[in-house]
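For reference, the structure discussed in these notes is given below.
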Amino acid sequence: MSVQPYPLKFRPEFKERVWGARELERFGLTLPEGNIGEAWMIGEHPNGTTEVVNGELAGKRLNELRETFGVEWFGSRGISPKTGRFPLLVKLLDCSDDLSVQVHPNDDYERLGPGELGKTEMWYVLDAKPGAKIIYGLREGADRNALAAAIAENRIMDCLQEVSVQPGDTFYIPAGTVHALGAGVLVAEIQQNSDTTYRLYDYNRPGLDGKPRELHIEDSLNVIAYDGSGASRGTTVLSGDNSWLTLASSPYFKVEKGRSGSEWNLSTDPGSFQIIIACEGAGAIHWAGGEAALNPGDCYLLPANLGGYALTGAVTVLRSYVP
């Protein structure tokens, strides 16, 4: 199949969540009915695979592209050696209520489901209501025994660290980090291609079916990194236009933030695809074959063999790729 590479935009896979609402409509997305908490913007997973909506490949799913174009389009590092699938999952999350307190395993956990990876991820806060908070790690001295006792005595919050969040904050969340987004937070999430979550606590609330949601206490206690997971957080004030600020760097992904001036000339390389997420402002992405608008919430997959491209307009973006 002979197709010139171009930036690919996908139809999101929407997920109803007990903690979701309708805030993702601000990005021009047409949501199905219900409390939509997650938009899987780019992903290839048994629980949701996105479909191209622009250009010559419209109607093709991400797995079909990978099978057809392989490393030429996805890069020498752009296909998971463990699963053979696209290695990342890119989401927009509307947290209108608190998420469950949770933790994710690493790739080596023996109780992972067939074909699943561990889950290291990062969050970039797109918006946050005044006073919004998240749970990010354990308090000092909270080892396995202390946490297990707190869970048994229904006082788990005694062991958890809460931090305030503002737009522009970023959080790197390696596997083994206890975490939970709080109400009033809107985030972009870049993660390993995994849908494995172990819940420690869910506020004793019913799920969408009216029944209590399952907890995974044993698995959670097994995978938590009690001595530290390497998690890091910070603000992301840019020093100027047309330069990258690294937000997260892991074996699975690197995420950078930048803002275009009048024109920012960039390029892909054969090692990896790139993912561009527009965060604020307005602009466009240009390549040899055309151009497309870049507005907040827009996500594009740039094939590894795209080559030169440019960002124009005053638009702030995240760029992600496999290092």
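By order in the structure tokens, chains are A, B, ...; within a chain, residues start at 1; ligands start at 1, following the order shown.
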Would you list the contacts of Gly48 in chain A as number ranges by chain, taking every protein, DNA or RNA residue within 10 Å and counting only C-alpha atoms, but skipping same-chain residues closer than 5 positions in sequence?
A: 12-15, 40, 42-43, 89, 195
Filtering to C-alpha atoms, could you give me those residues as a PDB file, in the first residue's frame?
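Contents of the output file part-v9.pdb:
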ATOM      1  CA  PRO A  12     -11.443   8.818  20.315  1.00  0.00           C
ATOM      2  CA  GLU A  13     -12.657   5.789  22.209  1.00  0.00           C
ATOM      3  CA  PHE A  14     -14.841   7.191  25.004  1.00  0.00           C
ATOM      4  CA  LYS A  15     -15.151   5.538  28.413  1.00  0.00           C
ATOM      5  CA  TRP A  40      -8.631   7.452  24.496  1.00  0.00           C
ATOM      6  CA  ILE A  42      -4.536   7.425  20.362  1.00  0.00           C
ATOM      7  CA  GLY A  43      -4.291   3.770  21.299  1.00  0.00           C
ATOM      8  CA  LEU A  89      -1.900   5.071  25.177  1.00  0.00           C
ATOM      9  CA  ASP A 195      -5.372  -1.037  31.136  1.00  0.00           C
TER      10      ASP A 195
END
Run DSSP on the backbone and grab whatever in range 137-171 of chain A lands in alpha helix (DSSP H); send it over as JSON, numbers by chain.
{"A": [144, 145, 146, 147, 148, 149, 150, 151, 152]}
Non-local contacts of range 149-160 of chain A (9 Å; only C-alpha atoms; under 2 positions in same chain excluded) as a PyMOL selection string
chain A and resi 135-142+144-147+162+178-179+200-201+217
Residues of the last selection are to be written out with N, CA and C atoms, as a PDB file, in the first residue's frame.
ATOM      1  N   ILE A 135      -3.965  12.806  45.047  1.00  0.00           N
ATOM      2  CA  ILE A 135      -3.178  11.948  45.928  1.00  0.00           C
ATOM      3  C   ILE A 135      -1.956  11.505  45.146  1.00  0.00           C
ATOM      4  N   TYR A 136      -0.784  11.704  45.748  1.00  0.00           N
ATOM      5  CA  TYR A 136       0.465  11.451  45.024  1.00  0.00           C
ATOM      6  C   TYR A 136       1.494  10.857  45.977  1.00  0.00           C
ATOM      7  N   GLY A 137       1.460   9.545  46.094  1.00  0.00           N
ATOM      8  CA  GLY A 137       2.429   8.846  46.917  1.00  0.00           C
ATOM      9  C   GLY A 137       1.976   8.638  48.350  1.00  0.00           C
ATOM     10  N   LEU A 138       2.810   7.922  49.099  1.00  0.00           N
ATOM     11  CA  LEU A 138       2.553   7.622  50.501  1.00  0.00           C
ATOM     12  C   LEU A 138       3.254   8.631  51.408  1.00  0.00           C
ATOM     13  N   ARG A 139       2.701   8.812  52.596  1.00  0.00           N
ATOM     14  CA  ARG A 139       3.396   9.635  53.579  1.00  0.00           C
ATOM     15  C   ARG A 139       4.635   8.915  54.087  1.00  0.00           C
ATOM     16  N   GLU A 140       5.560   9.703  54.568  1.00  0.00           N
ATOM     17  CA  GLU A 140       6.809   9.131  55.063  1.00  0.00           C
ATOM     18  C   GLU A 140       6.533   8.130  56.181  1.00  0.00           C
ATOM     19  N   GLY A 141       7.177   6.978  56.095  1.00  0.00           N
ATOM     20  CA  GLY A 141       7.031   5.938  57.104  1.00  0.00           C
ATOM     21  C   GLY A 141       5.903   4.957  56.854  1.00  0.00           C
ATOM     22  N   ALA A 142       5.144   5.143  55.781  1.00  0.00           N
ATOM     23  CA  ALA A 142       4.029   4.237  55.480  1.00  0.00           C
ATOM     24  C   ALA A 142       4.558   3.026  54.711  1.00  0.00           C
ATOM     25  N   ARG A 144       4.510  -1.407  54.123  1.00  0.00           N
ATOM     26  CA  ARG A 144       3.435  -2.335  53.802  1.00  0.00           C
ATOM     27  C   ARG A 144       2.576  -2.643  55.020  1.00  0.00           C
ATOM     28  N   ASN A 145       3.179  -2.888  56.150  1.00  0.00           N
ATOM     29  CA  ASN A 145       2.404  -3.241  57.341  1.00  0.00           C
ATOM     30  C   ASN A 145       1.515  -2.082  57.791  1.00  0.00           C
ATOM     31  N   ALA A 146       2.065  -0.870  57.764  1.00  0.00           N
ATOM     32  CA  ALA A 146       1.276   0.287  58.182  1.00  0.00           C
ATOM     33  C   ALA A 146       0.110   0.527  57.233  1.00  0.00           C
ATOM     34  N   LEU A 147       0.354   0.368  55.943  1.00  0.00           N
ATOM     35  CA  LEU A 147      -0.711   0.582  54.970  1.00  0.00           C
ATOM     36  C   LEU A 147      -1.780  -0.495  55.086  1.00  0.00           C
ATOM     37  N   GLU A 162      -1.446  14.182  49.994  1.00  0.00           N
ATOM     38  CA  GLU A 162      -2.257  15.015  49.110  1.00  0.00           C
ATOM     39  C   GLU A 162      -1.458  16.241  48.692  1.00  0.00           C
ATOM     40  N   VAL A 178       1.441   5.041  44.401  1.00  0.00           N
ATOM     41  CA  VAL A 178       0.040   5.207  44.794  1.00  0.00           C
ATOM     42  C   VAL A 178      -0.410   6.601  44.371  1.00  0.00           C
ATOM     43  N   HIS A 179      -1.582   6.692  43.738  1.00  0.00           N
ATOM     44  CA  HIS A 179      -2.015   7.982  43.208  1.00  0.00           C
ATOM     45  C   HIS A 179      -3.520   8.000  42.995  1.00  0.00           C
ATOM     46  N   LEU A 200      -7.046   0.507  45.661  1.00  0.00           N
ATOM     47  CA  LEU A 200      -6.875   0.364  47.097  1.00  0.00           C
ATOM     48  C   LEU A 200      -8.095   0.855  47.875  1.00  0.00           C
ATOM     49  N   TYR A 201      -8.765   1.863  47.332  1.00  0.00           N
ATOM     50  CA  TYR A 201      -9.861   2.509  48.062  1.00  0.00           C
ATOM     51  C   TYR A 201     -10.716   3.264  47.061  1.00  0.00           C
ATOM     52  N   ILE A 217      -6.774  -5.371  46.906  1.00  0.00           N
ATOM     53  CA  ILE A 217      -5.869  -5.041  48.016  1.00  0.00           C
ATOM     54  C   ILE A 217      -4.577  -5.844  47.938  1.00  0.00           C
TER      55      ILE A 217
END
Pick the closest to Ala304 in chain A from A:Val53, A:Leu24, A:Leu92, A:Ile275: which is it, counting only C-alpha atoms?
A:Ile275
Give me the residues near Asp298 in chain A as a ChimeraX atom specification, where near means some atom within 12 Å (using only C-alpha atoms) and where sequence neighbours in that chain fewer than 5 positions away do not count.
/A:7-12,24,26-29,39,41-42,90-92,188,275-285,292-293,315-318
Using only C-alpha atoms, which of A:Gly207, A:Gly113, A:Pro167, A:Gly176 sits nearest Pro130 in chain A?
A:Pro167
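Of the listed residues (A:Leu306, A:Thr235, A:Ala248, A:Asp219), A:Asp219 comes nearest to Arg111 in chain A; the distances count only C-alpha atoms.
Nearest to Met122 in chain A of all the residues A:Pro296, A:Gly234, A:Gly75, A:Gly55 is A:Gly234, based on only C-alpha atoms.
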What are the closest atom pairs, with distances in Å to one decimal, for all residues of range 148-186 of chain A lying within 12 Å of range 256-272 of chain A? Consider only C-alpha atoms, order rows by chain and residue number, and present the result as a Markdown table.
| residue | atom | partner | partner_atom | distance |
| --- | --- | --- | --- | --- |
| A:Gly168 | CA | A:Lys257 | CA | 10.0 |
| A:Asp169 | CA | A:Lys257 | CA | 11.4 |
| A:Thr170 | CA | A:Lys257 | CA | 10.3 |
Just list as a PyMOL selection string whatever in range 168-301 of chain A DSSP marks as strand (DSSP E).
chain A and resi 170-173+179-180+185-192+198-201+232-234+245-249+254-259+263-267+274-287+290-294+299-301
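Proximity ranking of A:Arg22, A:Leu117, A:Phe171, A:Ser249 relative to Pro81 in chain A places A:Leu117 first, based on only C-alpha atoms.
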So how many Å separate CA of Glu51 in chain A and CA of Tyr300 in chain A, to one decimal?
12.1 Å
As a check of understanding: the span from CA of Arg319 in chain A to CA of Lys60 in chain A is 23.3 Å
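Taking only C-alpha atoms into account, Arg17 in chain A lies nearest to A:Asp98 out of the set A:Glu110, A:Glu116, A:Glu291, A:Asp98.
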Point-to-point distance from CA of Val185 in chain A to CA of Glu218 in chain A, Å rounded to tenths
28.7 Å
